[in-house]
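The file data13.cif contains mmCIF, C-alpha atoms:
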data_target
loop_
_atom_site.label_atom_id
_atom_site.label_comp_id
_atom_site.auth_asym_id
_atom_site.auth_seq_id
_atom_site.Cartn_x
_atom_site.Cartn_y
_atom_site.Cartn_z
CA THR A 256 -9.32 5.76 -46.84
CA TYR A 257 -11.85 7.12 -44.36
CA HIS A 258 -10.98 10.73 -43.68
CA ILE A 259 -12.75 13.51 -41.81
CA SER A 260 -11.76 17.02 -42.80
CA ILE A 261 -12.03 19.30 -39.77
CA PRO A 262 -12.37 22.86 -41.08
CA ASN A 263 -10.10 25.70 -39.97
CA THR A 264 -13.08 27.43 -38.37
CA ILE A 265 -13.25 24.86 -35.56
CA THR A 266 -11.80 26.04 -32.23
CA HIS A 267 -13.30 23.47 -29.85
CA ILE A 268 -13.46 19.67 -30.15
CA GLY A 269 -15.86 18.45 -27.48
CA ASN A 270 -15.96 15.43 -25.20
CA ALA A 271 -16.11 12.12 -27.10
CA ALA A 272 -16.50 14.01 -30.39
CA PHE A 273 -15.05 11.13 -32.46
CA TRP A 274 -15.78 8.34 -29.98
CA HIS A 275 -15.07 4.91 -31.54
CA CYS A 276 -14.92 6.09 -35.15
CA LYS A 277 -13.20 2.78 -35.76
CA TYR A 278 -12.91 3.10 -39.55
CA LEU A 279 -11.24 6.50 -39.47
CA GLN A 280 -7.73 6.14 -40.93
CA GLU A 281 -6.44 9.69 -41.01
CA LEU A 282 -6.69 12.45 -38.43
CA VAL A 283 -5.59 16.04 -39.02
CA ILE A 284 -6.30 18.57 -36.28
CA PRO A 285 -6.39 22.08 -37.81
CA PRO A 286 -4.33 24.98 -36.37
CA SER A 287 -7.53 26.78 -35.36
CA VAL A 288 -8.29 24.29 -32.54
CA ARG A 289 -7.69 25.54 -29.01
CA HIS A 290 -9.47 22.92 -26.88
CA ILE A 291 -9.75 19.12 -27.09
CA GLY A 292 -12.23 17.52 -24.70
CA ASN A 293 -12.21 14.30 -22.68
CA TYR A 294 -12.23 11.08 -24.74
CA ALA A 295 -12.30 13.18 -27.95
CA PHE A 296 -10.62 10.51 -30.11
CA ASN A 297 -11.27 7.49 -27.91
CA GLY A 298 -11.27 4.11 -29.64
CA LEU A 299 -9.90 5.03 -33.08
CA HIS A 300 -8.80 1.58 -34.25
CA LEU A 301 -6.83 2.57 -37.35
CA ILE A 302 -5.14 5.88 -36.55
CA LYS A 303 -1.34 5.45 -36.50
CA SER A 304 -0.21 9.02 -35.87
CA ALA A 305 -1.50 12.29 -34.45
CA THR A 306 -0.06 15.78 -34.00
CA ILE A 307 -1.41 18.35 -31.56
CA PRO A 308 -1.03 21.82 -33.14
CA LYS A 309 0.62 24.68 -31.27
CA SER A 310 -2.75 26.44 -31.05
CA VAL A 311 -4.12 23.88 -28.56
CA THR A 312 -3.94 25.16 -24.98
CA SER A 313 -6.49 22.90 -23.27
CA ILE A 314 -6.62 19.08 -23.41
CA GLY A 315 -8.95 16.75 -21.50
CA HIS A 316 -8.13 13.29 -20.22
CA ALA A 317 -7.99 9.98 -22.11
CA ILE A 318 -8.23 11.70 -25.48
CA PHE A 319 -6.72 8.76 -27.39
CA HIS A 320 -7.56 5.73 -25.25
CA PRO A 321 -7.86 3.12 -26.41
CA CYS A 322 -6.30 3.68 -29.83
CA PHE A 323 -4.96 0.31 -30.84
CA VAL A 324 -2.28 1.15 -33.44
CA LEU A 325 -1.32 4.72 -32.50
CA THR A 326 2.49 4.79 -32.44
CA GLU A 327 3.28 8.46 -33.12
CA LEU A 328 1.90 11.18 -30.86
CA ASN A 329 3.50 14.60 -30.92
CA VAL A 330 2.92 18.22 -29.99
CA GLU A 331 3.88 20.82 -32.57
CA GLU A 332 6.92 22.93 -31.68
CA GLY A 333 6.02 26.30 -30.22
CA ASN A 334 3.00 25.17 -28.22
CA PRO A 335 2.97 27.35 -25.04
CA VAL A 336 1.29 24.75 -22.81
CA TYR A 337 2.24 21.26 -24.00
CA ASP A 338 5.30 19.49 -25.39
CA SER A 339 6.61 16.10 -26.53
CA ARG A 340 10.14 16.43 -25.19
CA GLU A 341 12.84 13.88 -26.04
CA ASN A 342 10.64 12.39 -28.77
CA CYS A 343 8.64 10.66 -26.06
CA ASN A 344 5.54 10.06 -28.23
CA GLY A 345 3.34 11.52 -25.54
CA ILE A 346 1.78 14.80 -24.47
CA ILE A 347 3.32 16.59 -21.49
CA GLU A 348 1.89 19.60 -19.69
CA THR A 349 5.01 21.74 -19.65
CA ALA A 350 4.48 23.87 -16.54
CA THR A 351 3.70 20.94 -14.23
CA ASN A 352 5.85 18.27 -15.93
CA THR A 353 2.79 16.01 -16.11
CA ILE A 354 2.40 13.45 -18.87
CA ILE A 355 -1.28 13.49 -19.81
CA ALA A 356 -1.63 11.36 -22.96
CA SER A 357 0.20 8.42 -24.48
CA CYS A 358 0.35 5.89 -27.30
CA LEU A 359 1.83 2.42 -27.86
CA THR A 360 5.43 3.69 -28.02
CA THR A 361 5.39 6.33 -25.27
CA LYS A 362 8.43 6.65 -23.04
CA ILE A 363 8.31 8.74 -19.88
CA PRO A 364 11.19 11.27 -19.84
CA ASN A 365 13.25 11.66 -16.67
CA SER A 366 12.07 15.25 -16.31
CA VAL A 367 8.42 14.22 -15.84
CA LYS A 368 7.13 14.40 -12.25
CA HIS A 369 3.52 13.29 -12.56
CA ILE A 370 1.55 10.68 -14.51
CA GLY A 371 -1.77 12.32 -15.29
CA LYS A 372 -5.35 11.18 -14.93
CA SER A 373 -6.13 8.26 -17.28
CA CYS A 374 -2.82 8.80 -19.11
CA PHE A 375 -2.19 5.10 -19.80
CA SER A 376 -5.73 3.88 -19.26
CA SER A 377 -6.54 0.89 -21.52
CA ALA A 378 -2.96 0.87 -22.83
CA GLU A 379 -2.11 -2.12 -25.00
CA PHE A 380 1.57 -2.51 -24.01
CA SER A 381 2.79 -4.98 -21.37
CA SER A 382 5.43 -2.88 -19.60
CA ILE A 383 6.74 0.65 -19.21
CA GLU A 384 9.65 2.14 -17.28
CA ILE A 385 8.64 4.65 -14.62
CA PRO A 386 11.60 6.95 -13.91
CA GLU A 387 12.79 7.97 -10.43
CA SER A 388 11.54 11.51 -11.10
CA ILE A 389 7.87 10.47 -10.79
CA GLU A 390 6.20 11.76 -7.62
CA THR A 391 2.50 11.10 -8.22
CA ILE A 392 0.37 8.67 -10.22
CA LYS A 393 -3.05 10.22 -10.69
CA ALA A 394 -6.50 8.61 -10.77
CA ARG A 395 -7.06 5.83 -13.33
CA ALA A 396 -3.58 6.39 -14.78
CA PHE A 397 -3.14 2.71 -15.76
CA SER A 398 -6.66 1.39 -15.25
CA THR A 399 -7.77 -1.51 -17.48
CA SER A 400 -4.39 -1.56 -19.22
CA LYS A 401 -2.65 -4.76 -20.30
CA ILE A 402 0.46 -4.02 -18.31
CA GLU A 403 2.11 -7.15 -16.91
CA LYS A 404 5.03 -5.73 -14.96
CA ILE A 405 5.49 -2.44 -13.13
CA ASN A 406 8.28 -1.18 -10.91
CA LEU A 407 7.12 1.70 -8.71
CA PRO A 408 10.13 3.84 -7.69
CA ASN A 409 10.49 5.15 -4.15
CA SER A 410 10.17 8.73 -5.40
CA ILE A 411 6.38 8.19 -5.59
CA THR A 412 4.37 9.76 -2.76
CA GLU A 413 0.83 9.41 -4.10
CA ILE A 414 -1.08 6.69 -5.96
CA GLY A 415 -4.53 7.91 -6.95
CA ASP A 416 -7.94 6.29 -6.94
CA SER A 417 -8.34 3.42 -9.42
CA ALA A 418 -4.79 3.97 -10.68
CA PHE A 419 -4.32 0.27 -11.53
CA MET A 420 -7.92 -0.86 -11.36
CA LEU A 421 -8.68 -3.99 -13.41
CA CYS A 422 -5.11 -4.46 -14.59
CA SER A 423 -5.88 -8.15 -14.81
CA SER A 424 -2.56 -9.01 -16.48
CA LEU A 425 -0.39 -7.46 -13.76
CA LEU A 426 1.85 -10.21 -12.37
CA GLY A 427 4.04 -11.04 -9.39
CA PRO A 428 4.83 -9.31 -6.11
CA LEU A 429 4.01 -5.64 -5.63
CA ASN A 430 6.14 -3.24 -3.59
CA ILE A 431 4.39 -0.05 -2.52
CA PRO A 432 6.96 2.81 -2.56
CA LYS A 433 8.46 3.86 0.77
CA ARG A 434 7.03 7.41 0.78
CA VAL A 435 3.39 6.55 0.04
CA LYS A 436 1.03 7.51 2.88
CA HIS A 437 -2.31 6.84 1.22
CA ILE A 438 -3.51 4.12 -1.16
CA GLY A 439 -6.64 5.41 -2.86
CA LYS A 440 -10.03 3.89 -3.48
CA ASN A 441 -10.06 0.97 -5.95
CA THR A 442 -6.35 1.51 -6.59
CA PHE A 443 -5.53 -2.16 -7.31
CA TYR A 444 -9.10 -3.45 -7.57
CA GLY A 445 -9.25 -6.61 -9.67
CA CYS A 446 -5.50 -7.13 -10.08
CA ILE A 447 -6.07 -10.85 -9.72
CA TYR A 448 -2.51 -12.04 -10.41
CA ILE A 449 -0.64 -9.99 -7.83
CA SER A 450 0.98 -12.67 -5.67
CA SER A 451 1.91 -10.53 -2.65
CA VAL A 452 2.13 -6.91 -1.47
CA THR A 453 4.81 -5.25 0.64
CA PHE A 454 3.53 -2.18 2.45
CA PRO A 455 5.86 0.67 3.53
CA ASP A 456 6.24 2.03 7.06
CA SER A 457 4.94 5.38 5.78
CA LEU A 458 1.46 4.02 4.99
CA GLU A 459 -1.44 5.53 6.96
CA THR A 460 -4.63 4.82 5.01
CA ILE A 461 -5.93 2.14 2.66
CA GLY A 462 -8.95 3.28 0.67
CA ASP A 463 -12.25 1.52 0.01
CA GLU A 464 -11.87 -1.57 -2.19
CA ALA A 465 -8.18 -0.76 -2.66
CA PHE A 466 -7.27 -4.43 -3.16
CA LYS A 467 -10.73 -5.91 -3.68
CA ASN A 468 -10.73 -9.09 -5.77
CA CYS A 469 -6.96 -9.47 -5.51
CA THR A 470 -5.82 -13.02 -4.72
CA PHE A 471 -2.60 -12.71 -2.72
CA GLY A 472 -2.25 -14.60 0.55
CA ASP A 473 -1.11 -13.26 3.92
CA ILE A 474 -1.42 -9.54 4.64
CA LYS A 475 0.90 -7.76 7.05
CA LEU A 476 0.18 -4.09 7.59
CA PRO A 477 2.79 -1.75 9.06
CA SER A 478 2.39 -0.15 12.48
CA THR A 479 1.63 3.24 10.86
CA VAL A 480 -1.74 2.24 9.34
CA LYS A 481 -4.63 4.21 10.86
CA HIS A 482 -7.54 3.51 8.54
CA ILE A 483 -8.62 0.50 6.45
CA GLY A 484 -11.48 1.26 4.08
CA ASN A 485 -14.61 -0.71 3.25
CA TYR A 486 -14.03 -3.98 1.38
CA ALA A 487 -10.30 -3.18 1.20
CA PHE A 488 -9.23 -6.83 0.78
CA ASN A 489 -12.60 -8.41 0.05
CA HIS A 490 -12.73 -11.08 -2.65
CA PHE A 491 -15.51 -12.82 -4.54
CA ASN A 492 -13.62 -16.16 -4.75
CA LYS A 493 -14.79 -18.18 -1.76
CA LYS A 494 -12.07 -20.78 -2.32
CA LYS A 495 -9.24 -18.29 -1.89
CA VAL A 496 -8.23 -18.18 1.78
CA ILE A 497 -6.19 -15.41 3.36
CA ALA A 498 -4.51 -17.36 6.15
CA ARG A 499 -3.48 -14.35 8.23
CA ILE A 500 -3.94 -10.61 8.36
CA THR A 501 -1.85 -8.47 10.67
CA ILE A 502 -3.66 -5.33 11.83
CA PRO A 503 -1.48 -2.96 13.86
CA ASP A 504 -2.42 -1.30 17.16
CA SER A 505 -2.23 2.07 15.39
CA THR A 506 -5.36 1.30 13.36
CA LYS A 507 -8.27 3.49 14.46
CA THR A 508 -10.96 2.50 11.95
CA ILE A 509 -11.69 -0.67 10.01
CA GLY A 510 -14.33 -0.51 7.30
CA THR A 511 -17.15 -2.84 6.35
CA ASP A 512 -16.25 -6.38 5.24
CA ILE A 513 -12.56 -5.72 4.70
CA ILE A 514 -12.24 -9.47 4.12
CA ASN A 515 -14.95 -12.05 3.45
CA GLU A 516 -15.80 -14.01 6.58
CA ASN A 517 -15.13 -17.33 4.86
CA HIS A 518 -11.67 -16.28 3.69
CA ILE A 519 -9.91 -15.43 6.87
CA GLY A 520 -8.04 -17.97 8.91
CA VAL A 521 -6.55 -15.92 11.76
CA ILE A 522 -6.58 -12.20 12.56
CA TYR A 523 -3.63 -10.86 14.53
CA ASN A 524 -2.93 -7.43 15.81
CA ALA A 525 0.59 -6.11 16.09
CA GLU A 526 1.12 -6.97 19.76
CA ASN A 527 0.57 -10.66 19.01
CA CYS A 528 3.00 -10.89 16.06
#

What does the file become when written as structure tokens?
Amino acid sequence: TYHISIPNTITHIGNAAFWHCKYLQELVIPPSVRHIGNYAFNGLHLIKSATIPKSVTSIGHAIFHPCFVLTELNVEEGNPVYDSRENCNGIIETATNTIIASCLTTKIPNSVKHIGKSCFSSAEFSSIEIPESIETIKARAFSTSKIEKINLPNSITEIGDSAFMLCSSLLGPLNIPKRVKHIGKNTFYGCIYISSVTFPDSLETIGDEAFKNCTFGDIKLPSTVKHIGNYAFNHFNKKKVIARITIPDSTKTIGTDIINENHIGVIYNAENC
């Protein structure tokens, strides 16, 4: 068994401290540790369980991603900042109800309001239930994960930059929640198997490369859209044709190369539809 003994004198575990220690089989974080940095335990192939001691009051993002067999992730009782309520096998920032770290068996409790930055990045599971309590999905929350199916509830108001970037297994139609006003940069970049997207009437901006390299067909934007970012619907596949894009009269700015010139069949604005 490959084991690293972290002494009780350690208070700070820095960024990427144990990056891709793929033969490490046992991880014990001592009760002296107060801070765990970004990517601290990223890529531990053999670690099956981890406990965050109650002494830890600062945790970076993506601390366990990807960890390929991690199925138990808990915060010790009595931690003043973090918890693992309802045996969720995740780390939740208590004050903000934000889930910030996950493992293969994580379930999002109904009391959670936010999915934190890179929380499920590179996740190995194919689906997860997002409860109606969720209001925001932060940057890179599901990026490069193997998720195949996602249902975004209408409680969501914000989807951050690169939230689903390169989720190349994500399938089927995508419904953007009814309260979302802004789709961030690279949000669904490279989601090549999304077959269609339904945009809500609340939508005002679509960020740069938001749907770049996606392969769905016709695009109909609601009359509320004011800004379309650079390369928003651009695609490298010259054989994939978008037959029609509907751009509403409300749109004030259209970025560079939103669609490849050899993809588009017809461009309509709202008054012609």

For Thr399 (chain A), which residue out of A:Phe471, A:Thr361, A:Pro321, A:Asp338 is the nearest one, using only C-alpha atoms?
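Of A:Phe471, A:Thr361, A:Pro321, A:Asp338, the one nearest Thr399 (chain A) is A:Pro321, counting only C-alpha atoms.
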
Figure out the distance between CA of Ile363 (chain A) and CA of Phe319 (chain A), please, to one decimal in Å.
16.8 Å

Find the residues around Thr442 (chain A) up to 7 Å (only C-alpha atoms counted), leave out those fewer than 3 positions away in its own chain, and share them as a PyMOL selection string.
chain A and resi 415-420+438-439+465-466

Using the chain letters and numbering of this document, enumerate as a PyMOL selection string the residues selected by the PyMOL selection byres ((chain A and resi 457) around 9).
chain A and resi 432-437+454-456+458-459+477+479-480

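Residues lying within 12 Å of Cys343 (chain A), counting all atoms listed in the file and ignoring same-chain neighbours fewer than 2 positions away, are Thr326, Glu327, Leu328, Asn329, Val330, Asp338, Ser339, Arg340, Glu341, Gly345, Ile346, Ile347, Ile354, Ala356, Ser357, Cys358, Leu359, Thr360, Thr361, Lys362, Ile363, Pro364, Asn365, Ser366 and Val367 of chain A.
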
Final N, CA, C and O atoms of region 268-292 of chain A as an mmCIF file, in the coordinates of the input:
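Output (result.cif):
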data_model
loop_
_atom_site.group_PDB
_atom_site.id
_atom_site.type_symbol
_atom_site.label_atom_id
_atom_site.label_comp_id
_atom_site.auth_asym_id
_atom_site.auth_seq_id
_atom_site.Cartn_x
_atom_site.Cartn_y
_atom_site.Cartn_z
ATOM 1 N N ILE A 268 -13.045 21.046 -29.891
ATOM 2 C CA ILE A 268 -13.460 19.670 -30.150
ATOM 3 C C ILE A 268 -13.949 19.105 -28.810
ATOM 4 O O ILE A 268 -13.184 18.991 -27.859
ATOM 5 N N GLY A 269 -15.227 18.795 -28.745
ATOM 6 C CA GLY A 269 -15.860 18.450 -27.480
ATOM 7 C C GLY A 269 -15.589 17.051 -26.981
ATOM 8 O O GLY A 269 -14.931 16.232 -27.650
ATOM 9 N N ASN A 270 -16.104 16.750 -25.813
ATOM 10 C CA ASN A 270 -15.960 15.430 -25.200
ATOM 11 C C ASN A 270 -16.501 14.342 -26.121
ATOM 12 O O ASN A 270 -17.609 14.454 -26.652
ATOM 13 N N ALA A 271 -15.691 13.298 -26.317
ATOM 14 C CA ALA A 271 -16.110 12.120 -27.100
ATOM 15 C C ALA A 271 -16.584 12.466 -28.506
ATOM 16 O O ALA A 271 -17.411 11.761 -29.077
ATOM 17 N N ALA A 272 -16.040 13.534 -29.083
ATOM 18 C CA ALA A 272 -16.500 14.010 -30.390
ATOM 19 C C ALA A 272 -16.364 12.953 -31.487
ATOM 20 O O ALA A 272 -17.225 12.832 -32.368
ATOM 21 N N PHE A 273 -15.279 12.167 -31.443
ATOM 22 C CA PHE A 273 -15.050 11.130 -32.460
ATOM 23 C C PHE A 273 -14.975 9.748 -31.799
ATOM 24 O O PHE A 273 -14.237 8.873 -32.225
ATOM 25 N N TRP A 274 -15.775 9.571 -30.768
ATOM 26 C CA TRP A 274 -15.780 8.340 -29.980
ATOM 27 C C TRP A 274 -15.974 7.110 -30.872
ATOM 28 O O TRP A 274 -16.942 6.982 -31.592
ATOM 29 N N HIS A 275 -15.018 6.196 -30.846
ATOM 30 C CA HIS A 275 -15.070 4.910 -31.540
ATOM 31 C C HIS A 275 -15.434 5.047 -33.024
ATOM 32 O O HIS A 275 -16.216 4.244 -33.560
ATOM 33 N N CYS A 276 -14.830 6.027 -33.680
ATOM 34 C CA CYS A 276 -14.920 6.090 -35.150
ATOM 35 C C CYS A 276 -13.880 5.102 -35.687
ATOM 36 O O CYS A 276 -12.796 5.484 -36.140
ATOM 37 N N LYS A 277 -14.200 3.826 -35.593
ATOM 38 C CA LYS A 277 -13.200 2.780 -35.760
ATOM 39 C C LYS A 277 -12.701 2.610 -37.198
ATOM 40 O O LYS A 277 -11.700 1.929 -37.429
ATOM 41 N N TYR A 278 -13.372 3.201 -38.167
ATOM 42 C CA TYR A 278 -12.910 3.100 -39.550
ATOM 43 C C TYR A 278 -12.118 4.320 -40.003
ATOM 44 O O TYR A 278 -11.624 4.354 -41.124
ATOM 45 N N LEU A 279 -11.993 5.298 -39.136
ATOM 46 C CA LEU A 279 -11.240 6.500 -39.470
ATOM 47 C C LEU A 279 -9.748 6.165 -39.562
ATOM 48 O O LEU A 279 -9.173 5.614 -38.632
ATOM 49 N N GLN A 280 -9.122 6.505 -40.684
ATOM 50 C CA GLN A 280 -7.730 6.140 -40.930
ATOM 51 C C GLN A 280 -6.775 7.323 -40.921
ATOM 52 O O GLN A 280 -5.554 7.133 -40.883
ATOM 53 N N GLU A 281 -7.299 8.513 -40.974
ATOM 54 C CA GLU A 281 -6.440 9.690 -41.010
ATOM 55 C C GLU A 281 -7.051 10.786 -40.142
ATOM 56 O O GLU A 281 -8.252 11.054 -40.207
ATOM 57 N N LEU A 282 -6.219 11.405 -39.323
ATOM 58 C CA LEU A 282 -6.690 12.450 -38.430
ATOM 59 C C LEU A 282 -5.773 13.656 -38.542
ATOM 60 O O LEU A 282 -4.568 13.569 -38.293
ATOM 61 N N VAL A 283 -6.339 14.784 -38.947
ATOM 62 C CA VAL A 283 -5.590 16.040 -39.020
ATOM 63 C C VAL A 283 -6.349 17.087 -38.198
ATOM 64 O O VAL A 283 -7.483 17.438 -38.515
ATOM 65 N N ILE A 284 -5.710 17.553 -37.136
ATOM 66 C CA ILE A 284 -6.300 18.570 -36.280
ATOM 67 C C ILE A 284 -5.859 19.934 -36.792
ATOM 68 O O ILE A 284 -4.655 20.211 -36.843
ATOM 69 N N PRO A 285 -6.784 20.796 -37.202
ATOM 70 C CA PRO A 285 -6.390 22.080 -37.810
ATOM 71 C C PRO A 285 -5.786 23.049 -36.793
ATOM 72 O O PRO A 285 -6.030 22.935 -35.582
ATOM 73 N N PRO A 286 -5.007 24.026 -37.268
ATOM 74 C CA PRO A 286 -4.330 24.980 -36.370
ATOM 75 C C PRO A 286 -5.258 25.993 -35.709
ATOM 76 O O PRO A 286 -4.803 26.819 -34.920
ATOM 77 N N SER A 287 -6.551 25.897 -36.007
ATOM 78 C CA SER A 287 -7.530 26.780 -35.360
ATOM 79 C C SER A 287 -7.996 26.235 -34.003
ATOM 80 O O SER A 287 -8.538 26.985 -33.181
ATOM 81 N N VAL A 288 -7.770 24.942 -33.749
ATOM 82 C CA VAL A 288 -8.290 24.290 -32.540
ATOM 83 C C VAL A 288 -7.519 24.743 -31.303
ATOM 84 O O VAL A 288 -6.286 24.729 -31.277
ATOM 85 N N ARG A 289 -8.282 25.111 -30.267
ATOM 86 C CA ARG A 289 -7.690 25.540 -29.010
ATOM 87 C C ARG A 289 -7.969 24.562 -27.865
ATOM 88 O O ARG A 289 -7.183 24.474 -26.917
ATOM 89 N N HIS A 290 -9.081 23.833 -27.962
ATOM 90 C CA HIS A 290 -9.470 22.920 -26.880
ATOM 91 C C HIS A 290 -9.851 21.558 -27.441
ATOM 92 O O HIS A 290 -10.549 21.464 -28.453
ATOM 93 N N ILE A 291 -9.368 20.492 -26.769
ATOM 94 C CA ILE A 291 -9.750 19.120 -27.090
ATOM 95 C C ILE A 291 -10.304 18.488 -25.824
ATOM 96 O O ILE A 291 -9.630 18.431 -24.790
ATOM 97 N N GLY A 292 -11.541 18.008 -25.882
ATOM 98 C CA GLY A 292 -12.230 17.520 -24.700
ATOM 99 C C GLY A 292 -11.889 16.090 -24.312
ATOM 100 O O GLY A 292 -11.177 15.366 -25.033
#
